[in-house]
>>> print(open('my_file16.pdb').read())   # PDB, C-alpha atoms
ATOM      1  CA  MET H  11      10.290 -38.840 -98.523
ATOM      2  CA  LYS H  12      12.183 -42.016 -99.467
ATOM      3  CA  THR H  13      14.664 -41.522 -96.607
ATOM      4  CA  PHE H  14      11.787 -40.954 -94.181
ATOM      5  CA  LYS H  15      10.038 -44.159 -95.275
ATOM      6  CA  ASN H  16      13.276 -46.161 -94.965
ATOM      7  CA  THR H  17      13.785 -44.854 -91.442
ATOM      8  CA  ILE H  18      10.234 -45.824 -90.408
ATOM      9  CA  ILE H  19      10.639 -49.306 -91.897
ATOM     10  CA  LEU H  20      13.940 -49.760 -90.048
ATOM     11  CA  LEU H  21      12.374 -48.738 -86.751
ATOM     12  CA  LEU H  22       9.486 -51.178 -87.253
ATOM     13  CA  ILE H  23      11.916 -54.026 -87.988
ATOM     14  CA  VAL H  24      14.027 -53.238 -84.912
ATOM     15  CA  THR H  25      10.893 -53.072 -82.730
ATOM     16  CA  LEU H  26       9.622 -56.398 -84.083
ATOM     17  CA  LEU H  27      12.971 -58.128 -83.567
ATOM     18  CA  ASN H  28      13.252 -56.857 -80.001
ATOM     19  CA  SER H  29       9.699 -57.994 -79.266
ATOM     20  CA  CYS H  30      10.385 -61.489 -80.587
ATOM     21  CA  SER H  31      13.782 -61.740 -78.895
ATOM     22  CA  LYS H  32      12.456 -60.876 -75.448
ATOM     23  CA  GLU H  33      10.206 -63.917 -75.464
ATOM     24  CA  LYS H  34      13.221 -66.186 -75.939
ATOM     25  CA  ASN H  35      15.852 -64.340 -73.922
ATOM     26  CA  PRO H  36      15.175 -61.998 -70.995
ATOM     27  CA  TYR H  37      18.634 -60.469 -71.400
ATOM     28  CA  VAL H  38      17.833 -59.191 -74.858
ATOM     29  CA  LEU H  39      20.151 -56.939 -76.777
ATOM     30  CA  GLN H  40      18.492 -53.553 -77.077
ATOM     31  CA  ALA H  41      19.140 -52.012 -80.524
ATOM     32  CA  LEU H  42      20.837 -48.650 -80.814
ATOM     33  CA  PHE H  43      19.324 -46.516 -83.581
ATOM     34  CA  LEU H  44      22.309 -44.855 -85.219
ATOM     35  CA  SER H  45      22.153 -41.330 -86.558
ATOM     36  CA  SER H  46      22.166 -42.461 -90.187
ATOM     37  CA  ASP H  47      19.461 -43.139 -92.756
ATOM     38  CA  THR H  48      21.408 -46.042 -94.220
ATOM     39  CA  ILE H  49      23.062 -48.989 -92.516
ATOM     40  CA  ILE H  50      26.138 -50.185 -94.413
ATOM     41  CA  ASN H  51      28.537 -53.115 -94.275
ATOM     42  CA  ILE H  52      31.871 -51.886 -92.982
ATOM     43  CA  ASP H  53      34.601 -53.625 -94.982
ATOM     44  CA  ASP H  54      37.609 -54.909 -93.027
ATOM     45  CA  ASN H  55      39.769 -55.000 -96.137
ATOM     46  CA  ASN H  56      39.182 -51.436 -97.256
ATOM     47  CA  GLU H  57      41.636 -49.440 -95.184
ATOM     48  CA  ASN H  58      42.596 -47.023 -97.926
ATOM     49  CA  GLY H  59      39.258 -46.455 -99.601
ATOM     50  CA  ASP H  60      37.954 -43.058-100.586
ATOM     51  CA  ASP H  61      34.367 -43.618 -99.445
ATOM     52  CA  ASP H  62      32.330 -40.531 -98.768
ATOM     53  CA  ILE H  63      32.500 -39.498 -95.133
ATOM     54  CA  ASN H  64      28.710 -39.411 -94.827
ATOM     55  CA  THR H  65      28.523 -43.209 -95.304
ATOM     56  CA  ILE H  66      30.544 -43.930 -92.155
ATOM     57  CA  VAL H  67      28.493 -44.955 -89.126
ATOM     58  CA  SER H  68      29.371 -45.790 -85.532
ATOM     59  CA  ASN H  69      30.622 -49.371 -85.144
ATOM     60  CA  ASN H  70      31.113 -49.567 -81.383
ATOM     61  CA  GLY H  71      29.539 -48.719 -78.045
ATOM     62  CA  ILE H  72      26.572 -51.116 -78.159
ATOM     63  CA  ILE H  73      24.339 -51.059 -75.077
ATOM     64  CA  LEU H  74      23.032 -54.229 -73.424
ATOM     65  CA  SER H  75      20.190 -54.168 -70.919
ATOM     66  CA  GLY H  76      18.205 -56.775 -69.069
ATOM     67  CA  GLN H  77      19.431 -58.220 -65.803
ATOM     68  CA  ASP H  78      20.259 -55.910 -62.886
ATOM     69  CA  ILE H  79      23.957 -55.603 -62.030
ATOM     70  CA  GLY H  80      25.524 -55.158 -58.596
ATOM     71  CA  GLN H  81      24.808 -56.086 -55.014
ATOM     72  CA  GLY H  82      22.791 -52.913 -54.459
ATOM     73  CA  ILE H  83      24.069 -52.483 -50.908
ATOM     74  CA  THR H  84      25.437 -48.955 -51.476
ATOM     75  CA  PRO H  85      23.417 -46.135 -53.098
ATOM     76  CA  ASN H  86      24.888 -44.995 -56.399
ATOM     77  CA  ASN H  87      25.090 -41.377 -55.216
ATOM     78  CA  LYS H  88      27.582 -42.492 -52.568
ATOM     79  CA  LEU H  89      29.738 -44.288 -55.132
ATOM     80  CA  VAL H  90      29.708 -41.578 -57.818
ATOM     81  CA  LYS H  91      30.764 -37.961 -57.399
ATOM     82  CA  LYS H  92      30.241 -35.365 -60.134
ATOM     83  CA  VAL H  93      32.744 -32.534 -60.472
ATOM     84  CA  PRO H  94      32.557 -29.612 -62.920
ATOM     85  CA  ILE H  95      34.769 -29.485 -66.004
ATOM     86  CA  THR H  96      36.345 -26.305 -67.335
ATOM     87  CA  LEU H  97      37.298 -26.479 -71.025
ATOM     88  CA  LEU H  98      39.736 -23.672 -71.764
ATOM     89  CA  GLU H  99      39.613 -23.934 -75.567
ATOM     90  CA  GLU H 100      36.328 -24.897 -77.219
ATOM     91  CA  ASN H 101      36.264 -27.285 -80.179
ATOM     92  CA  PRO H 102      33.185 -26.808 -82.414
ATOM     93  CA  ASN H 103      33.282 -30.469 -83.505
ATOM     94  CA  PHE H 104      32.752 -31.931 -80.045
ATOM     95  CA  LYS H 105      30.491 -31.540 -77.049
ATOM     96  CA  VAL H 106      32.247 -32.412 -73.790
ATOM     97  CA  SER H 107      30.231 -33.195 -70.693
ATOM     98  CA  GLU H 108      29.941 -30.358 -68.197
ATOM     99  CA  VAL H 109      30.800 -32.796 -65.406
ATOM    100  CA  ALA H 110      33.218 -35.656 -64.844
ATOM    101  CA  TYR H 111      32.150 -38.779 -62.974
ATOM    102  CA  LEU H 112      34.476 -39.971 -60.192
ATOM    103  CA  CYS H 113      33.375 -43.543 -59.502
ATOM    104  CA  LYS H 114      34.023 -46.270 -56.959
ATOM    105  CA  ASP H 115      32.915 -49.897 -57.115
ATOM    106  CA  ARG H 116      32.996 -50.055 -53.307
ATOM    107  CA  LEU H 117      33.078 -47.336 -50.653
ATOM    108  CA  SER H 118      36.373 -48.734 -49.339
ATOM    109  CA  ASP H 119      38.126 -48.348 -52.723
ATOM    110  CA  GLU H 120      41.215 -46.139 -52.654
ATOM    111  CA  TRP H 121      41.282 -45.738 -56.442
ATOM    112  CA  ILE H 122      38.611 -44.045 -58.545
ATOM    113  CA  SER H 123      37.424 -44.728 -62.094
ATOM    114  CA  VAL H 124      37.114 -41.403 -63.906
ATOM    115  CA  ILE H 125      34.618 -41.024 -66.771
ATOM    116  CA  ILE H 126      34.222 -37.980 -69.042
ATOM    117  CA  PRO H 127      31.573 -38.311 -71.803
ATOM    118  CA  ILE H 128      32.097 -36.677 -75.203
ATOM    119  CA  GLU H 129      29.987 -36.494 -78.369
ATOM    120  CA  ASN H 130      30.926 -35.768 -81.969
ATOM    121  CA  ILE H 131      28.404 -33.093 -83.006
ATOM    122  CA  SER H 132      29.886 -32.477 -86.457
ATOM    123  CA  ASP H 133      29.098 -34.189 -89.772
ATOM    124  CA  LYS H 134      32.659 -35.566 -89.970
ATOM    125  CA  THR H 135      34.591 -38.506 -88.536
ATOM    126  CA  PHE H 136      37.721 -37.927 -86.460
ATOM    127  CA  ARG H 137      40.590 -40.104 -85.275
ATOM    128  CA  SER H 138      43.065 -39.731 -82.416
ATOM    129  CA  VAL H 139      40.507 -37.793 -80.405
ATOM    130  CA  GLU H 140      42.285 -36.807 -77.222
ATOM    131  CA  ILE H 141      42.391 -34.460 -74.285
ATOM    132  CA  GLU H 142      45.490 -32.298 -74.286
ATOM    133  CA  HIS H 143      46.568 -31.348 -70.775
ATOM    134  CA  MET H 144      44.103 -32.221 -68.028
ATOM    135  CA  LYS H 145      44.378 -31.246 -64.367
ATOM    136  CA  TYR H 146      42.592 -32.504 -61.273
ATOM    137  CA  LYS H 147      42.199 -29.522 -58.927
ATOM    138  CA  ASN H 148      41.441 -29.195 -55.231
ATOM    139  CA  SER H 149      39.282 -26.586 -53.490
ATOM    140  CA  SER H 150      42.163 -24.085 -53.610
ATOM    141  CA  GLY H 151      42.492 -24.444 -57.378
ATOM    142  CA  GLN H 152      45.796 -26.278 -57.098
ATOM    143  CA  SER H 153      46.605 -29.186 -59.380
ATOM    144  CA  ILE H 154      46.806 -32.475 -57.441
ATOM    145  CA  SER H 155      47.234 -34.697 -60.506
ATOM    146  CA  GLN H 156      47.499 -34.151 -64.239
ATOM    147  CA  TYR H 157      47.934 -35.723 -67.684
ATOM    148  CA  ASP H 158      49.486 -34.427 -70.869
ATOM    149  CA  TYR H 159      47.088 -36.491 -72.992
ATOM    150  CA  LEU H 160      44.133 -38.872 -72.637
ATOM    151  CA  PHE H 161      42.632 -40.640 -75.662
ATOM    152  CA  VAL H 162      38.933 -41.270 -76.189
ATOM    153  CA  THR H 163      37.307 -44.700 -76.019
ATOM    154  CA  GLY H 164      34.936 -44.747 -78.981
ATOM    155  CA  ASP H 165      34.640 -46.242 -82.462
ATOM    156  CA  PHE H 166      36.993 -49.020 -83.593
ATOM    157  CA  ASN H 167      39.381 -49.063 -86.547
ATOM    158  CA  LYS H 168      42.540 -50.726 -87.824
ATOM    159  CA  SER H 169      44.955 -48.317 -89.439
ATOM    160  CA  GLU H 170      48.632 -48.813 -90.298
ATOM    161  CA  GLY H 171      48.773 -51.938 -88.150
ATOM    162  CA  PHE H 172      47.170 -50.379 -85.070
ATOM    163  CA  TYR H 173      43.846 -51.590 -83.624
ATOM    164  CA  GLU H 174      42.451 -48.621 -81.764
ATOM    165  CA  THR H 175      39.210 -47.164 -80.430
ATOM    166  CA  ASP H 176      40.094 -43.479 -80.520
ATOM    167  CA  TYR H 177      37.700 -42.665 -83.402
ATOM    168  CA  LEU H 178      34.384 -40.785 -83.216
ATOM    169  CA  THR H 179      32.008 -40.819 -86.167
ATOM    170  CA  SER H 180      29.370 -38.147 -86.725
ATOM    171  CA  GLY H 181      26.824 -38.266 -83.906
ATOM    172  CA  SER H 182      28.612 -40.972 -81.922
ATOM    173  CA  LYS H 183      29.453 -40.757 -78.242
ATOM    174  CA  GLY H 184      32.526 -41.933 -76.392
ATOM    175  CA  TYR H 185      34.336 -41.525 -73.106
ATOM    176  CA  PHE H 186      37.645 -40.380 -71.729
ATOM    177  CA  LEU H 187      38.531 -42.984 -69.086
ATOM    178  CA  ASP H 188      41.068 -42.774 -66.294
ATOM    179  CA  PHE H 189      41.968 -44.683 -63.138
ATOM    180  CA  LYS H 190      43.517 -42.672 -60.335
ATOM    181  CA  ASN H 191      44.712 -43.169 -56.773
ATOM    182  CA  LEU H 192      42.802 -40.122 -55.550
ATOM    183  CA  ASN H 193      40.317 -39.379 -52.814
ATOM    184  CA  PRO H 194      37.252 -38.012 -54.651
ATOM    185  CA  ASN H 195      36.588 -35.648 -51.728
ATOM    186  CA  ASN H 196      39.830 -33.864 -52.573
ATOM    187  CA  VAL H 197      38.874 -33.298 -56.221
ATOM    188  CA  LYS H 198      36.712 -30.203 -56.694
ATOM    189  CA  SER H 199      37.070 -29.649 -60.453
ATOM    190  CA  ILE H 200      38.826 -30.774 -63.621
ATOM    191  CA  GLU H 201      40.475 -28.420 -66.092
ATOM    192  CA  ILE H 202      40.980 -29.428 -69.736
ATOM    193  CA  ASN H 203      43.099 -27.338 -72.054
ATOM    194  CA  LYS H 204      41.568 -28.559 -75.338
ATOM    195  CA  ILE H 205      40.315 -31.505 -77.402
ATOM    196  CA  SER H 206      42.476 -32.328 -80.420
ATOM    197  CA  SER H 207      41.864 -34.755 -83.317
ATOM    198  CA  TYR H 208      42.477 -35.465 -86.999
ATOM    199  CA  GLU H 209      39.792 -35.716 -89.672
ATOM    200  CA  HIS H 210      39.251 -39.234 -91.060
ATOM    201  CA  ASN H 211      37.513 -39.882 -94.394
ATOM    202  CA  GLN H 212      37.779 -43.655 -94.863
ATOM    203  CA  LYS H 213      35.580 -46.566 -93.844
ATOM    204  CA  LEU H 214      36.047 -48.028 -90.399
ATOM    205  CA  THR H 215      37.184 -51.607 -89.921
ATOM    206  CA  ALA H 216      34.500 -54.143 -88.988
ATOM    207  CA  LEU H 217      34.615 -55.259 -85.360
ATOM    208  CA  GLY H 218      34.507 -58.974 -86.148
ATOM    209  CA  VAL H 219      32.810 -59.748 -82.824
ATOM    210  CA  LYS H 220      29.387 -59.197 -81.322
ATOM    211  CA  ALA H 221      27.922 -59.187 -77.832
ATOM    212  CA  VAL H 222      25.519 -62.110 -77.426
ATOM    213  CA  ASP H 223      24.256 -61.432 -73.903
ATOM    214  CA  TYR H 224      25.406 -60.929 -70.325
ATOM    215  CA  MET H 225      24.551 -62.309 -66.908
ATOM    216  CA  TYR H 226      25.240 -61.054 -63.395
ATOM    217  CA  SER H 227      26.326 -64.053 -61.345
ATOM    218  CA  THR H 228      27.694 -64.989 -57.912
ATOM    219  CA  GLU H 229      28.510 -68.558 -58.979
ATOM    220  CA  ASP H 230      32.262 -68.071 -59.409
ATOM    221  CA  TYR H 231      32.712 -64.960 -57.286
ATOM    222  CA  PRO H 232      30.682 -64.514 -54.075
ATOM    223  CA  PHE H 233      30.441 -60.733 -54.402
ATOM    224  CA  GLY H 234      29.077 -60.962 -57.936
ATOM    225  CA  GLU H 235      30.502 -60.298 -61.392
ATOM    226  CA  VAL H 236      29.318 -59.652 -64.931
ATOM    227  CA  ASN H 237      29.728 -62.524 -67.394
ATOM    228  CA  LEU H 238      29.680 -61.284 -70.987
ATOM    229  CA  ASN H 239      29.291 -63.725 -73.891
ATOM    230  CA  VAL H 240      31.126 -62.624 -77.045
ATOM    231  CA  LYS H 241      30.956 -64.303 -80.467
ATOM    232  CA  ASN H 242      33.735 -64.262 -83.070
ATOM    233  CA  GLU H 243      32.025 -63.742 -86.431
ATOM    234  CA  THR H 244      35.200 -63.974 -88.515
ATOM    235  CA  ASN H 245      37.110 -66.965 -89.949
ATOM    236  CA  THR H 246      40.280 -66.170 -87.999
ATOM    237  CA  ILE H 247      41.311 -66.480 -84.357
ATOM    238  CA  LEU H 248      40.912 -63.188 -82.506
ATOM    239  CA  ARG H 249      42.467 -61.965 -79.293
ATOM    240  CA  ASN H 250      41.000 -59.419 -76.924
ATOM    241  CA  ASN H 251      43.128 -56.337 -76.616
ATOM    242  CA  PHE H 252      41.526 -53.641 -74.515
ATOM    243  CA  THR H 253      37.765 -54.096 -74.639
ATOM    244  CA  MET H 254      36.187 -51.726 -72.119
ATOM    245  CA  VAL H 255      32.746 -51.781 -70.523
ATOM    246  CA  ILE H 256      30.809 -48.898 -68.957
ATOM    247  CA  LEU H 257      28.144 -49.455 -66.289
ATOM    248  CA  LEU H 258      25.052 -47.274 -66.820
ATOM    249  CA  ASP H 259      21.956 -46.497 -64.778
ATOM    250  CA  ASN H 260      18.403 -46.173 -66.123
ATOM    251  CA  ASN H 261      19.157 -42.641 -67.356
ATOM    252  CA  ASP H 262      22.384 -43.723 -69.117
ATOM    253  CA  GLN H 263      24.491 -41.971 -66.497
ATOM    254  CA  PRO H 264      27.910 -43.674 -66.223
ATOM    255  CA  LEU H 265      28.583 -45.444 -62.938
ATOM    256  CA  SER H 266      31.952 -47.138 -63.467
ATOM    257  CA  TRP H 267      34.179 -48.688 -66.132
ATOM    258  CA  ASP H 268      36.271 -51.827 -66.440
ATOM    259  CA  PHE H 269      38.255 -54.033 -68.836
ATOM    260  CA  ILE H 270      36.927 -57.480 -69.733
ATOM    261  CA  LEU H 271      39.063 -60.487 -68.843
ATOM    262  CA  PRO H 272      38.715 -64.063 -70.128
ATOM    263  CA  HIS H 273      36.842 -66.456 -67.847
ATOM    264  CA  ASN H 274      39.881 -68.725 -68.175
ATOM    265  CA  SER H 275      43.496 -67.802 -68.859
ATOM    266  CA  ASN H 276      43.161 -67.809 -72.661
ATOM    267  CA  SER H 277      41.949 -64.515 -74.122
ATOM    268  CA  ASN H 278      41.771 -65.832 -77.707
ATOM    269  CA  ILE H 279      38.463 -66.704 -79.353
ATOM    270  CA  ASN H 280      38.171 -69.159 -82.252
ATOM    271  CA  PRO H 281      36.155 -68.581 -85.454
ATOM    272  CA  ASN H 282      32.388 -68.736 -84.789
ATOM    273  CA  GLU H 283      33.075 -69.475 -81.118
ATOM    274  CA  THR H 284      31.124 -67.800 -78.316
ATOM    275  CA  LYS H 285      33.300 -67.166 -75.289
ATOM    276  CA  LYS H 286      32.693 -65.859 -71.784
ATOM    277  CA  TYR H 287      34.534 -62.839 -70.410
ATOM    278  CA  THR H 288      34.141 -61.239 -66.982
ATOM    279  CA  CYS H 289      34.189 -57.722 -65.571
ATOM    280  CA  PHE H 290      32.985 -55.686 -62.570
ATOM    281  CA  SER H 291      33.844 -58.262 -59.901
ATOM    282  CA  GLY H 292      32.389 -56.995 -56.645
ATOM    283  CA  TYR H 293      30.288 -53.965 -57.585
ATOM    284  CA  ASP H 294      28.303 -52.683 -54.582
ATOM    285  CA  GLY H 295      25.983 -50.276 -56.425
ATOM    286  CA  TYR H 296      23.139 -50.895 -58.832
ATOM    287  CA  ALA H 297      23.255 -50.713 -62.636
ATOM    288  CA  SER H 298      20.742 -51.674 -65.300
ATOM    289  CA  LYS H 299      22.826 -51.476 -68.502
ATOM    290  CA  ILE H 300      26.319 -52.004 -69.827
ATOM    291  CA  GLN H 301      27.932 -50.259 -72.792
ATOM    292  CA  ILE H 302      30.675 -52.173 -74.598
ATOM    293  CA  PHE H 303      33.579 -50.781 -76.593
ATOM    294  CA  PHE H 304      35.181 -53.782 -78.289
ATOM    295  CA  ASN H 305      38.835 -54.003 -79.264
ATOM    296  CA  PHE H 306      39.711 -57.436 -80.697
ATOM    297  CA  GLU H 307      42.448 -58.150 -83.244
ATOM    298  CA  SER H 308      43.570 -61.096 -85.338
ATOM    299  CA  THR H 309      46.232 -63.290 -83.736
ATOM    300  CA  GLU H 310      47.935 -63.268 -87.137
ATOM    301  CA  SER H 311      48.540 -59.540 -86.866
ATOM    302  CA  LYS H 312      51.704 -58.128 -85.450
ATOM    303  CA  GLN H 313      51.121 -56.488 -82.100
ATOM    304  CA  THR H 314      52.403 -52.964 -82.321
ATOM    305  CA  ASN H 315      52.396 -50.141 -79.852
ATOM    306  CA  SER H 316      51.468 -46.522 -80.195
ATOM    307  CA  GLU H 317      51.241 -43.655 -77.745
ATOM    308  CA  HIS H 318      47.564 -44.458 -77.272
ATOM    309  CA  ILE H 319      48.150 -48.210 -76.801
ATOM    310  CA  ASP H 320      50.987 -47.626 -74.327
ATOM    311  CA  ARG H 321      48.644 -45.460 -72.269
ATOM    312  CA  VAL H 322      45.872 -48.077 -72.305
ATOM    313  CA  ILE H 323      48.333 -50.842 -71.379
ATOM    314  CA  LEU H 324      49.304 -48.857 -68.293
ATOM    315  CA  LEU H 325      45.649 -48.334 -67.374
ATOM    316  CA  LYS H 326      44.918 -52.045 -67.735
ATOM    317  CA  GLU H 327      47.929 -52.999 -65.615
ATOM    318  CA  GLN H 328      46.821 -50.604 -62.876
ATOM    319  CA  LYS H 329      43.207 -51.829 -62.950
ATOM    320  CA  THR H 330      44.144 -55.521 -63.007
ATOM    321  CA  LYS H 331      46.663 -55.145 -60.202
ATOM    322  CA  TYR H 332      44.199 -53.265 -58.012
ATOM    323  CA  LYS H 333      41.354 -55.745 -58.665
ATOM    324  CA  THR H 334      43.691 -58.655 -57.750
ATOM    325  CA  LYS H 335      44.427 -57.040 -54.392
ATOM    326  CA  LYS H 336      40.729 -56.515 -53.543
TER     327      LYS H 336
END
>>> encode(input="my_file16.pdb", output="structure tokens")
Amino acid sequence: MKTFKNTIILLLIVTLLNSCSKEKNPYVLQALFLSSDTIINIDDNNENGDDDINTIVSNNGIILSGQDIGQGITPNNKLVKKVPITLLEENPNFKVSEVAYLCKDRLSDEWISVIIPIENISDKTFRSVEIEHMKYKNSSGQSISQYDYLFVTGDFNKSEGFYETDYLTSGSKGYFLDFKNLNPNNVKSIEINKISSYEHNQKLTALGVKAVDYMYSTEDYPFGEVNLNVKNETNTILRNNFTMVILLDNNDQPLSWDFILPHNSNSNINPNETKKYTCFSGYDGYASKIQIFFNFESTESKQTNSEHIDRVILLKEQKTKYKTKK
């Protein structure tokens, strides 16, 4: 009964805060109600703690809603193609979407943003959640492109010097993201061998940043772009690593994904500073929400690479290079 009462009180507080916030800011942050009866402070300094796994909650993937995004000149169903997914080896800890989303920002795009949703349906937290062996297949069942591994974009943590977002806490949702030079008409299905991971039983590192609001603007780019305001809530200078943003429609269906880039050339953000970052420059569809997966690190930390980070670096280079050419 006590847990039930606490949950009701929390919901009332969230509702009241949202109601008050909307009067002051039309681009209000909509609260995500996490699948936990207790909200905890996630300690950045406790990387080797032995906290009970049931106290760990999702620390990433916040959803912002408010202002419409995109030019709205192309229907979403012409920019997004759904293809079925075949999972050869089931994993009881995860629920993988039955379809993958092959997305374009414009009809003329030659590259597609691939999005595969996944949910942790267990009562445990996992790290290094990844697809092992994925194939894009044509109508004849032949592989036209493939990967040996693809890591999830999900909860954030610092471990052994690495700042990564390949964690999924109990009940949290993430995405496998890809960027391919493929014609979506040639892709008829996707085959995944299996989902692998390692169990994690320690607290997750605090993000250190928060999303303040966003605005869709044509002021600096005539075809429109999303300006996202981010605040550094720590006492150290942070740099943006690989923060990713998902465009969503009213039904939370993914429409595209992108990295955020600084509005100027400097990606660092000072203590207590609010800084503007941009993404989705020139989106021709229509979206009503964005979901943000932050990945910021201290500038005092030593930048180190892992298999996951190397893969994300390549993705970012491909995305940035393609967006520059557009």
>>> closest_residue(input="my_file16.pdb", among="H:Leu271, H:Asn211, H:Ser182, H:Asn148", to="Phe252 in chain H", atoms="all atoms listed in the file")
H:Leu271
>>> atom_distance(input="my_file16.pdb", atom1="CA of Gln81 in chain H", atom2="CA of Pro194 in chain H")
21.9 Å
>>> atom_distance(input="my_file16.pdb", atom1="CA of His210 in chain H", atom2="CA of Phe166 in chain H")
12.5 Å
>>> closest_residue(input="my_file16.pdb", among="H:Ile73, H:Leu265, H:Ile126, H:Val255", to="Ile95 in chain H", atoms="all atoms listed in the file")
H:Ile126
>>> resolve_selection(input="my_file16.pdb", expression="the PyMOL selection byres ((chain H and resi 85) around 12)", output="number ranges by chain")
H: 80-84, 86-91, 114-117, 259, 265, 293-297
>>> closest_residue(input="my_file16.pdb", among="H:Thr215, H:Ser199, H:Thr228, H:Ser138", to="Ala110 in chain H", atoms="all atoms listed in the file")
H:Ser199
>>> resolve_selection(input="my_file16.pdb", expression="the PyMOL selection byres ((chain H and resi 120-122) around 6)", output="PyMOL selection string")
chain H and resi 113-114+119+123+189-192
>>> closest_residue(input="my_file16.pdb", among="H:Phe136, H:Tyr157, H:Tyr185, H:Tyr146", to="Gln263 in chain H", atoms="only C-alpha atoms")
H:Tyr185
>>> atom_distance(input="my_file16.pdb", atom1="CA of Ser75 in chain H", atom2="CA of Thr175 in chain H")
22.4 Å
>>> closest_residue(input="my_file16.pdb", among="H:Leu214, H:Ile202, H:Leu160, H:Val124", to="Asp268 in chain H", atoms="only C-alpha atoms")
H:Val124
>>> resolve_selection(input="my_file16.pdb", expression="the PyMOL selection byres ((chain H and resi 161) around 6)", output="list in words")
Val139, Glu140, Leu160 and Val162 of chain H
>>> residues_around(input="my_file16.pdb", residues="range 234-247 of chain H", least_positions_apart="5", cutoff="8 Å", atoms="only C-alpha atoms", output="PyMOL selection string")
chain H and resi 79-81+218-229+278-293+308-310
>>> closest_residue(input="my_file16.pdb", among="H:Leu325, H:Ile141, H:Leu257, H:Leu187", to="Leu98 in chain H", atoms="only C-alpha atoms")
H:Ile141
>>> decode(input="my_file16.pdb", residues="range 109-120 of chain H", atoms="N, CA and C atoms", output="CSV table (one decimal), in the first residue's frame")
chain,number,residue,atom,x,y,z
H,109,VAL,N,9.7,-5.1,-36.6
H,109,VAL,CA,10.0,-4.4,-37.9
H,109,VAL,C,11.2,-3.4,-37.6
H,110,ALA,N,12.0,-3.2,-38.7
H,110,ALA,CA,13.0,-2.1,-38.7
H,110,ALA,C,12.5,-1.0,-39.5
H,111,TYR,N,12.9,0.2,-39.1
H,111,TYR,CA,12.5,1.5,-39.8
H,111,TYR,C,13.6,2.0,-40.7
H,112,LEU,N,13.4,2.0,-42.0
H,112,LEU,CA,14.4,2.6,-42.9
H,112,LEU,C,13.9,4.0,-43.3
H,113,CYS,N,14.7,5.0,-42.8
H,113,CYS,CA,14.2,6.4,-42.8
H,113,CYS,C,15.0,7.3,-43.7
H,114,LYS,N,14.4,8.2,-44.4
H,114,LYS,CA,15.0,9.3,-45.1
H,114,LYS,C,14.5,10.6,-44.5
H,115,ASP,N,15.4,11.6,-44.6
H,115,ASP,CA,15.0,13.0,-44.2
H,115,ASP,C,14.4,13.7,-45.4
H,116,ARG,N,14.8,13.3,-46.6
H,116,ARG,CA,14.3,13.8,-47.9
H,116,ARG,C,14.2,12.7,-48.8
H,117,LEU,N,13.2,12.8,-49.8
H,117,LEU,CA,13.0,11.7,-50.7
H,117,LEU,C,14.3,11.5,-51.6
H,118,SER,N,15.0,12.6,-51.8
H,118,SER,CA,16.2,12.5,-52.7
H,118,SER,C,17.4,11.9,-52.0
H,119,ASP,N,17.3,11.6,-50.7
H,119,ASP,CA,18.5,11.1,-50.0
H,119,ASP,C,18.9,9.7,-50.6
H,120,GLU,N,20.2,9.5,-50.7
H,120,GLU,CA,20.7,8.2,-51.2
H,120,GLU,C,21.1,7.3,-50.0
